[in-house]
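J.: Contents of target31.cif (mmCIF, C-alpha atoms) are given next:
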data_final
loop_
_atom_site.label_atom_id
_atom_site.label_comp_id
_atom_site.auth_asym_id
_atom_site.auth_seq_id
_atom_site.Cartn_x
_atom_site.Cartn_y
_atom_site.Cartn_z
CA ASN A 1 2.97 -14.16 -3.96
CA ALA A 2 5.97 -13.81 -1.65
CA GLY A 3 4.43 -11.36 0.86
CA VAL A 4 7.25 -9.56 2.70
CA THR A 5 10.84 -10.54 2.01
CA GLN A 6 14.07 -9.30 3.58
CA THR A 7 17.59 -9.39 2.20
CA PRO A 8 20.01 -10.57 3.49
CA LYS A 9 18.97 -13.12 6.12
CA PHE A 10 22.27 -12.98 7.99
CA ARG A 11 25.22 -10.59 7.95
CA VAL A 12 28.38 -10.01 9.95
CA LEU A 13 29.93 -6.55 9.80
CA LYS A 14 33.02 -5.01 11.29
CA THR A 15 32.69 -1.79 13.27
CA GLY A 16 32.62 1.18 10.90
CA GLN A 17 31.42 -0.73 7.84
CA SER A 18 28.23 0.23 6.06
CA MET A 19 25.41 -1.85 4.68
CA THR A 20 21.85 -1.68 3.40
CA LEU A 21 19.00 -3.97 4.34
CA LEU A 22 16.26 -4.41 1.78
CA CYS A 23 12.60 -5.01 2.50
CA ALA A 24 10.36 -5.87 -0.45
CA GLN A 25 6.60 -6.44 -0.49
CA ASP A 26 4.22 -7.52 -3.22
CA MET A 27 0.98 -6.73 -1.34
CA ASN A 28 0.68 -3.12 -2.55
CA HIS A 29 0.72 -1.86 1.03
CA GLU A 30 1.19 1.83 1.69
CA TYR A 31 2.81 1.65 5.13
CA MET A 32 6.18 0.05 5.80
CA TYR A 33 8.18 -0.19 9.02
CA TRP A 34 11.63 -1.15 10.26
CA TYR A 35 12.01 -2.60 13.77
CA ARG A 36 14.89 -3.96 15.73
CA GLN A 37 14.51 -6.70 18.32
CA ASP A 38 16.94 -7.28 21.15
CA PRO A 39 16.62 -9.84 23.96
CA GLY A 40 14.22 -8.61 26.62
CA MET A 41 13.48 -5.39 24.73
CA GLY A 42 10.62 -6.35 22.48
CA LEU A 43 10.34 -4.70 19.08
CA ARG A 44 11.44 -1.10 18.77
CA LEU A 45 10.45 1.05 15.82
CA ILE A 46 13.40 2.56 13.94
CA HIS A 47 11.81 4.36 10.98
CA TYR A 48 8.63 4.04 9.00
CA SER A 49 7.01 5.22 5.79
CA VAL A 50 3.38 6.07 5.08
CA GLY A 51 3.81 5.96 1.32
CA GLU A 52 6.24 6.14 -1.57
CA GLY A 53 8.72 8.97 -1.11
CA THR A 54 7.94 9.49 2.60
CA THR A 55 9.87 8.51 5.73
CA ALA A 56 9.53 9.30 9.43
CA LYS A 57 11.50 8.62 12.60
CA GLY A 58 10.41 6.02 15.12
CA GLU A 59 11.57 5.36 18.67
CA VAL A 60 15.24 4.57 17.96
CA PRO A 61 16.27 6.25 14.67
CA ASP A 62 19.87 7.27 15.54
CA GLY A 63 22.53 5.59 13.43
CA TYR A 64 20.09 4.55 10.71
CA ASN A 65 18.77 6.06 7.50
CA VAL A 66 15.94 4.91 5.26
CA SER A 67 14.59 5.46 1.78
CA ARG A 68 11.32 4.59 0.04
CA LEU A 69 11.92 5.40 -3.61
CA LYS A 70 9.51 2.71 -4.81
CA LYS A 71 6.28 1.70 -3.11
CA GLN A 72 7.29 -1.94 -2.86
CA ASN A 73 10.74 -1.39 -1.36
CA PHE A 74 11.92 0.07 1.95
CA LEU A 75 15.67 0.30 2.52
CA LEU A 76 17.41 0.56 5.89
CA GLY A 77 20.97 1.84 5.87
CA LEU A 78 23.73 1.72 8.45
CA GLU A 79 26.40 4.22 7.47
CA SER A 80 28.95 3.28 10.14
CA ALA A 81 28.00 0.13 12.00
CA ALA A 82 28.54 -0.13 15.75
CA PRO A 83 28.40 -3.19 18.05
CA SER A 84 25.26 -1.68 19.65
CA GLN A 85 23.51 -2.26 16.33
CA THR A 86 23.87 -6.02 16.66
CA SER A 87 20.25 -7.13 16.55
CA VAL A 88 17.52 -8.86 14.59
CA TYR A 89 15.87 -6.47 12.17
CA PHE A 90 12.28 -6.94 11.06
CA CYS A 91 10.40 -5.20 8.32
CA ALA A 92 6.62 -4.97 8.39
CA THR A 93 3.89 -3.63 6.12
CA THR A 94 0.21 -2.75 6.37
CA THR A 95 -2.49 -1.30 4.15
CA SER A 96 -3.28 1.50 6.58
CA GLY A 97 -1.65 2.63 9.78
CA ILE A 98 -4.27 0.84 11.83
CA GLY A 99 -4.53 -2.66 10.46
CA GLU A 100 -2.66 -5.88 10.90
CA GLN A 101 1.06 -5.62 10.25
CA TYR A 102 2.68 -8.34 8.14
CA PHE A 103 6.26 -9.10 9.09
CA GLY A 104 9.17 -10.30 7.03
CA PRO A 105 11.36 -13.19 8.23
CA GLY A 106 14.01 -10.93 9.73
CA THR A 107 17.70 -10.15 9.21
CA ARG A 108 20.16 -11.23 11.87
CA LEU A 109 23.00 -8.68 11.99
CA THR A 110 26.16 -9.01 14.04
CA VAL A 111 28.63 -6.13 14.32
CA THR A 112 32.05 -7.08 15.69
CA GLY B 1 6.11 9.52 26.39
CA GLN B 2 4.63 6.12 25.96
CA SER B 3 5.04 2.92 27.92
CA LEU B 4 3.53 -0.54 28.03
CA GLU B 5 3.74 -3.00 30.88
CA GLN B 6 3.16 -6.73 30.59
CA PRO B 7 4.48 -9.65 32.65
CA SER B 8 7.79 -11.05 31.47
CA GLU B 9 6.89 -14.72 31.95
CA VAL B 10 3.83 -16.89 32.42
CA THR B 11 3.69 -20.67 32.83
CA ALA B 12 0.70 -22.98 32.46
CA VAL B 13 -0.22 -26.58 31.68
CA GLU B 14 -1.93 -27.98 28.63
CA GLY B 15 -5.68 -27.46 28.66
CA ALA B 16 -5.52 -24.55 31.08
CA ILE B 17 -6.57 -20.92 30.59
CA VAL B 18 -4.07 -18.09 30.87
CA GLN B 19 -4.52 -14.32 30.84
CA ILE B 20 -1.73 -11.92 29.82
CA ASN B 21 -2.33 -8.37 30.99
CA CYS B 22 -1.12 -5.18 29.39
CA THR B 23 -1.30 -1.65 30.77
CA TYR B 24 -0.26 1.31 28.71
CA GLN B 25 0.40 5.02 28.77
CA THR B 26 0.42 6.78 25.45
CA SER B 27 -0.84 9.80 23.58
CA GLY B 28 -2.87 9.54 20.39
CA PHE B 29 -4.18 6.07 21.25
CA TYR B 30 -6.07 4.33 18.44
CA GLY B 31 -6.16 0.74 19.62
CA LEU B 32 -4.39 -2.23 21.17
CA SER B 33 -2.97 -5.13 19.19
CA TRP B 34 -1.57 -8.51 20.17
CA TYR B 35 1.15 -10.44 18.32
CA GLN B 36 2.58 -13.91 18.79
CA GLN B 37 6.20 -14.82 18.11
CA HIS B 38 7.72 -18.29 18.22
CA ASP B 39 11.44 -18.68 18.83
CA GLY B 40 13.40 -17.71 15.73
CA GLY B 41 10.28 -16.61 13.89
CA ALA B 42 8.58 -13.40 12.89
CA PRO B 43 5.73 -11.84 14.88
CA THR B 44 2.26 -12.75 13.66
CA PHE B 45 -0.94 -10.82 14.27
CA LEU B 46 -3.49 -12.17 16.73
CA SER B 47 -6.03 -9.43 17.41
CA TYR B 48 -6.84 -5.72 17.46
CA ASN B 49 -9.19 -3.84 19.80
CA ALA B 50 -10.14 -0.28 18.99
CA LEU B 51 -13.25 -0.16 21.20
CA ASP B 52 -13.95 -1.31 24.75
CA GLY B 53 -14.98 -4.90 25.13
CA LEU B 54 -14.06 -8.44 24.27
CA GLU B 55 -13.07 -9.76 20.84
CA GLU B 56 -13.06 -13.54 20.37
CA THR B 57 -11.18 -15.49 17.73
CA GLY B 58 -11.27 -19.21 18.32
CA ARG B 59 -9.33 -20.12 21.46
CA PHE B 60 -7.97 -16.57 21.80
CA SER B 61 -9.83 -13.53 23.10
CA SER B 62 -8.68 -9.98 23.65
CA PHE B 63 -10.15 -7.31 25.88
CA LEU B 64 -9.75 -3.55 26.04
CA SER B 65 -10.77 -0.91 28.57
CA ARG B 66 -9.81 2.51 27.23
CA SER B 67 -10.78 4.29 30.45
CA ASP B 68 -8.40 2.07 32.44
CA SER B 69 -5.66 2.01 29.76
CA TYR B 70 -5.72 -1.74 30.15
CA GLY B 71 -6.14 -4.80 28.02
CA TYR B 72 -5.56 -8.52 28.15
CA LEU B 73 -5.13 -11.54 25.95
CA LEU B 74 -6.94 -14.68 27.06
CA LEU B 75 -5.78 -18.05 25.78
CA GLN B 76 -8.04 -21.03 26.39
CA GLU B 77 -7.50 -24.78 26.03
CA LEU B 78 -3.77 -24.25 25.98
CA GLN B 79 -1.69 -26.43 23.68
CA MET B 80 2.04 -27.02 23.59
CA LYS B 81 2.23 -25.06 20.33
CA ASP B 82 1.02 -21.96 22.21
CA SER B 83 4.45 -21.74 23.88
CA ALA B 84 5.74 -18.47 22.45
CA SER B 85 6.24 -14.80 23.23
CA TYR B 86 3.20 -12.53 23.20
CA PHE B 87 3.43 -8.80 22.63
CA CYS B 88 0.87 -6.10 23.20
CA ALA B 89 1.24 -3.01 21.05
CA VAL B 90 -0.51 0.34 21.06
CA ASN B 91 -1.44 1.96 17.78
CA GLN B 92 -0.29 5.53 18.01
CA ALA B 93 -1.93 8.26 15.96
CA GLY B 94 -3.24 5.69 13.50
CA THR B 95 0.25 5.38 12.04
CA ALA B 96 2.67 3.20 13.98
CA LEU B 97 2.79 0.51 16.64
CA ILE B 98 4.70 0.78 19.90
CA PHE B 99 5.35 -2.68 21.35
CA GLY B 100 5.64 -3.90 24.90
CA LYS B 101 8.64 -6.00 25.90
CA GLY B 102 6.74 -9.24 25.57
CA THR B 103 5.51 -12.10 27.74
CA THR B 104 7.08 -15.52 27.37
CA LEU B 105 4.44 -18.23 27.77
CA SER B 106 5.62 -21.74 28.59
CA VAL B 107 3.07 -24.53 28.30
CA SER B 108 3.92 -27.88 29.85
CA SER B 109 2.21 -31.24 29.62
#
Show me, as structure tokens, the structure contained in the file I just sent.

T.:
Amino acid sequence: NAGVTQTPKFRVLKTGQSMTLLCAQDMNHEYMYWYRQDPGMGLRLIHYSVGEGTTAKGEVPDGYNVSRLKKQNFLLGLESAAPSQTSVYFCATTTSGIGEQYFGPGTRLTVT
Amino acid sequence: GQSLEQPSEVTAVEGAIVQINCTYQTSGFYGLSWYQQHDGGAPTFLSYNALDGLEETGRFSSFLSRSDSYGYLLLQELQMKDSASYFCAVNQAGTALIFGKGTTLSVSS
């Protein structure tokens, strides 16, 4: 029972490169979220999903795309990375939109 | 829009009691949550208040006043391991959390 896992743990990109971050959960949760965390800024919601096949924009969606083709996986894509996207990215899941959110260990991304 | 305000830093000594306040402005408010995050780690859930009043879980308690758009996290019998960042978060429309910027708590001996 792994809970929430994120792949990769670390990544360095050059400006303009693309990449996909994977969040996987084995808790059968409906809701999944992507956040970014920058020093002094707390956690900011990028995109979220309320179930398989659904996605919605959060507070800071620009420059990111997401997909939820399978219930257990939530993908975050950067089509053309920018230095402003250097951050720690966290995925989280919950059974309903109200309950406790369970966070993955995070992905540390640096864009040079 | 929505906003949350909490102090950026709080310091205390072992064994003391500390209160971290959180005021918020948001639409579609469902409840207030608190999360703890140690350096380099992931946030972990501490508490959730949907109704006015005090919720107690061991050494930690959380309070909510919906009419005042205000809540707090109370930590008692502080231990060194409580040194961490604490985030309040409003549940918006029963769907997503909007987090405050966090309060760094430093506990000294």

J.: Show me which bits of chain B are within 12 Å of chain A, counting only C-alpha atoms, as a count of residues only.

T.: 51

J.: Please define a box with edges along x, y and z of the file around all atoms of region 27-37 of chain B given in the file, extend it by 6 Å on each side, and return its centre and edge lengths in Å to one decimal, as JSON.

T.:
{"center_x": 0.0, "center_y": -2.5, "center_z": 20.8, "size_x": 24.4, "size_y": 36.6, "size_z": 17.5}

J.: Please indicate the distance in Å from CA of Thr7 (chain A) to CA of Ile46 (chain A), rounded to one decimal place.

T.: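 Taking CA of Thr7 (chain A) as the start and CA of Ile46 (chain A) as the end point, the length is 17.3 Å.
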
J.: Could you write out as a count of residues only the residues that the PyMOL selection byres ((chain A and resi 25) around 6) matches in the shown file?

T.: 6

J.: Which residues fall under the PyMOL selection byres ((chain B and resi 59) around 7) in this file, as a ChimeraX atom specification?

T.: /B:57-58,60-61,75-77

J.: Any idea what the distance is between CA of Gln85 (chain A) and CA of Val111 (chain A)?

T.: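 For CA of Gln85 (chain A) relative to CA of Val111 (chain A), the distance reads 6.7 Å.
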
J.: Work out how far CA of Leu105 (chain B) is from CA of Leu74 (chain B), in Å to one decimal.

T.: 11.9 Å

J.: In the coordinates of the file, take the point (9.0, 2.8, -0.3) and a cut-off of 7 Å; then, counting all atoms listed in the file, name each qualifying protein, DNA or RNA residue as a ChimeraX atom specification.

T.: /A:49,51-53,67-74

J.: Please identify all polymer residues within 8 Å of Val107 (chain B), counting all atoms listed in the file, omitting same-chain residues fewer than 2 positions from it, and present them as an MDAnalysis selection string.

T.: chainID B and resid 11:14 78:80 82:83 105 109

J.: Nearest residue to Tyr89 (chain A) out of A:Asn1, A:Thr54, A:Asn65, A:Gln6, using all atoms listed in the file?

T.: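 Of A:Asn1, A:Thr54, A:Asn65, A:Gln6, the one nearest Tyr89 (chain A), counting all atoms listed in the file, is A:Gln6.
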
J.: Identify all residues satisfying the PyMOL selection byres ((chain A and resi 82) around 10) in the given file; provide them as a PDB file with C-alpha atoms, in the coordinates of the input.

T.:
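And here's selection.pdb as it stands now:
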ATOM      1  CA  LEU A  13      29.930  -6.550   9.800  1.00  0.00           C
ATOM      2  CA  LYS A  14      33.020  -5.010  11.290  1.00  0.00           C
ATOM      3  CA  THR A  15      32.690  -1.790  13.270  1.00  0.00           C
ATOM      4  CA  GLY A  16      32.620   1.180  10.900  1.00  0.00           C
ATOM      5  CA  GLN A  17      31.420  -0.730   7.840  1.00  0.00           C
ATOM      6  CA  SER A  18      28.230   0.230   6.060  1.00  0.00           C
ATOM      7  CA  GLY A  63      22.530   5.590  13.430  1.00  0.00           C
ATOM      8  CA  LEU A  78      23.730   1.720   8.450  1.00  0.00           C
ATOM      9  CA  GLU A  79      26.400   4.220   7.470  1.00  0.00           C
ATOM     10  CA  SER A  80      28.950   3.280  10.140  1.00  0.00           C
ATOM     11  CA  ALA A  81      28.000   0.130  12.000  1.00  0.00           C
ATOM     12  CA  PRO A  83      28.400  -3.190  18.050  1.00  0.00           C
ATOM     13  CA  SER A  84      25.260  -1.680  19.650  1.00  0.00           C
ATOM     14  CA  GLN A  85      23.510  -2.260  16.330  1.00  0.00           C
ATOM     15  CA  THR A  86      23.870  -6.020  16.660  1.00  0.00           C
ATOM     16  CA  THR A 110      26.160  -9.010  14.040  1.00  0.00           C
ATOM     17  CA  VAL A 111      28.630  -6.130  14.320  1.00  0.00           C
ATOM     18  CA  THR A 112      32.050  -7.080  15.690  1.00  0.00           C
TER      19      THR A 112
END

J.: Region 92-107 of chain B from the block above, all heavy atoms, as a tab-separated table (two decimals), in the first residue's frame, please?

T.:
chain	number	residue	atom	x	y	z
B	92	GLN	N	-12.96	25.41	-0.24
B	92	GLN	CA	-13.80	26.26	-1.09
B	92	GLN	C	-14.76	25.41	-1.91
B	92	GLN	O	-14.31	24.53	-2.65
B	92	GLN	CB	-12.91	27.10	-2.00
B	92	GLN	CG	-13.59	28.27	-2.65
B	92	GLN	CD	-12.61	29.17	-3.34
B	92	GLN	OE1	-11.63	28.71	-3.89
B	92	GLN	NE2	-12.86	30.46	-3.31
B	93	ALA	N	-16.03	25.67	-1.72
B	93	ALA	CA	-17.08	25.01	-2.51
B	93	ALA	C	-17.06	23.50	-2.36
B	93	ALA	O	-17.53	22.79	-3.23
B	93	ALA	CB	-16.96	25.39	-3.98
B	94	GLY	N	-16.50	23.00	-1.26
B	94	GLY	CA	-16.46	21.57	-1.03
B	94	GLY	C	-15.62	20.82	-2.03
B	94	GLY	O	-15.78	19.60	-2.22
B	95	THR	N	-14.69	21.51	-2.69
B	95	THR	CA	-13.94	20.90	-3.78
B	95	THR	C	-12.44	21.01	-3.60
B	95	THR	O	-11.73	20.03	-3.79
B	95	THR	CB	-14.32	21.57	-5.11
B	95	THR	OG1	-15.71	21.42	-5.32
B	95	THR	CG2	-13.56	20.95	-6.27
B	96	ALA	N	-11.94	22.20	-3.27
B	96	ALA	CA	-10.50	22.41	-3.27
B	96	ALA	C	-10.09	23.23	-2.06
B	96	ALA	O	-10.90	23.93	-1.44
B	96	ALA	CB	-10.08	23.13	-4.54
B	97	LEU	N	-8.81	23.13	-1.70
B	97	LEU	CA	-8.25	23.89	-0.61
B	97	LEU	C	-7.44	25.07	-1.15
B	97	LEU	O	-6.70	24.92	-2.13
B	97	LEU	CB	-7.32	23.03	0.25
B	97	LEU	CG	-7.95	21.94	1.11
B	97	LEU	CD1	-6.86	21.21	1.89
B	97	LEU	CD2	-8.97	22.52	2.06
B	98	ILE	N	-7.59	26.22	-0.49
B	98	ILE	CA	-6.75	27.37	-0.74
B	98	ILE	C	-5.94	27.59	0.53
B	98	ILE	O	-6.51	27.77	1.62
B	98	ILE	CB	-7.57	28.62	-1.07
B	98	ILE	CG1	-8.49	28.36	-2.26
B	98	ILE	CG2	-6.64	29.81	-1.35
B	98	ILE	CD1	-7.79	27.99	-3.54
B	99	PHE	N	-4.61	27.55	0.40
B	99	PHE	CA	-3.72	27.60	1.55
B	99	PHE	C	-3.23	29.00	1.85
B	99	PHE	O	-3.05	29.83	0.95
B	99	PHE	CB	-2.49	26.73	1.29
B	99	PHE	CG	-2.73	25.26	1.44
B	99	PHE	CD1	-3.31	24.52	0.43
B	99	PHE	CD2	-2.38	24.61	2.61
B	99	PHE	CE1	-3.55	23.16	0.57
B	99	PHE	CE2	-2.60	23.25	2.77
B	99	PHE	CZ	-3.19	22.53	1.74
B	100	GLY	N	-3.00	29.26	3.14
B	100	GLY	CA	-2.28	30.45	3.55
B	100	GLY	C	-0.80	30.27	3.27
B	100	GLY	O	-0.36	29.20	2.85
B	101	LYS	N	-0.01	31.33	3.56
B	101	LYS	CA	1.40	31.27	3.24
B	101	LYS	C	2.24	30.54	4.28
B	101	LYS	O	3.41	30.30	4.06
B	101	LYS	CB	1.94	32.69	3.02
B	101	LYS	CG	1.35	33.36	1.80
B	101	LYS	CD	1.93	34.75	1.57
B	101	LYS	CE	1.33	35.36	0.30
B	101	LYS	NZ	1.89	36.70	0.02
B	102	GLY	N	1.61	30.22	5.40
B	102	GLY	CA	2.29	29.40	6.39
B	102	GLY	C	2.93	30.18	7.51
B	102	GLY	O	3.33	31.34	7.35
B	103	THR	N	3.01	29.53	8.67
B	103	THR	CA	3.65	30.08	9.86
B	103	THR	C	4.78	29.14	10.27
B	103	THR	O	4.54	27.95	10.47
B	103	THR	CB	2.66	30.19	11.03
B	103	THR	OG1	1.60	31.07	10.67
B	103	THR	CG2	3.35	30.69	12.29
B	104	THR	N	5.99	29.68	10.35
B	104	THR	CA	7.12	28.87	10.78
B	104	THR	C	7.22	28.93	12.29
B	104	THR	O	7.39	30.01	12.87
B	104	THR	CB	8.43	29.37	10.15
B	104	THR	OG1	8.32	29.31	8.73
B	104	THR	CG2	9.60	28.50	10.60
B	105	LEU	N	7.09	27.78	12.93
B	105	LEU	CA	7.20	27.69	14.39
B	105	LEU	C	8.57	27.14	14.75
B	105	LEU	O	8.96	26.07	14.28
B	105	LEU	CB	6.11	26.76	14.94
B	105	LEU	CG	6.24	26.38	16.43
B	105	LEU	CD1	6.11	27.62	17.32
B	105	LEU	CD2	5.19	25.33	16.80
B	106	SER	N	9.27	27.88	15.59
B	106	SER	CA	10.57	27.44	16.09
B	106	SER	C	10.45	27.20	17.58
B	106	SER	O	10.09	28.13	18.33
B	106	SER	CB	11.65	28.49	15.81
B	106	SER	OG	11.78	28.71	14.42
B	107	VAL	N	10.76	25.98	18.01
B	107	VAL	CA	10.69	25.62	19.43
B	107	VAL	C	12.12	25.43	19.93
B	107	VAL	O	12.90	24.67	19.35
B	107	VAL	CB	9.88	24.33	19.64
B	107	VAL	CG1	9.81	23.99	21.13
B	107	VAL	CG2	8.48	24.48	19.07
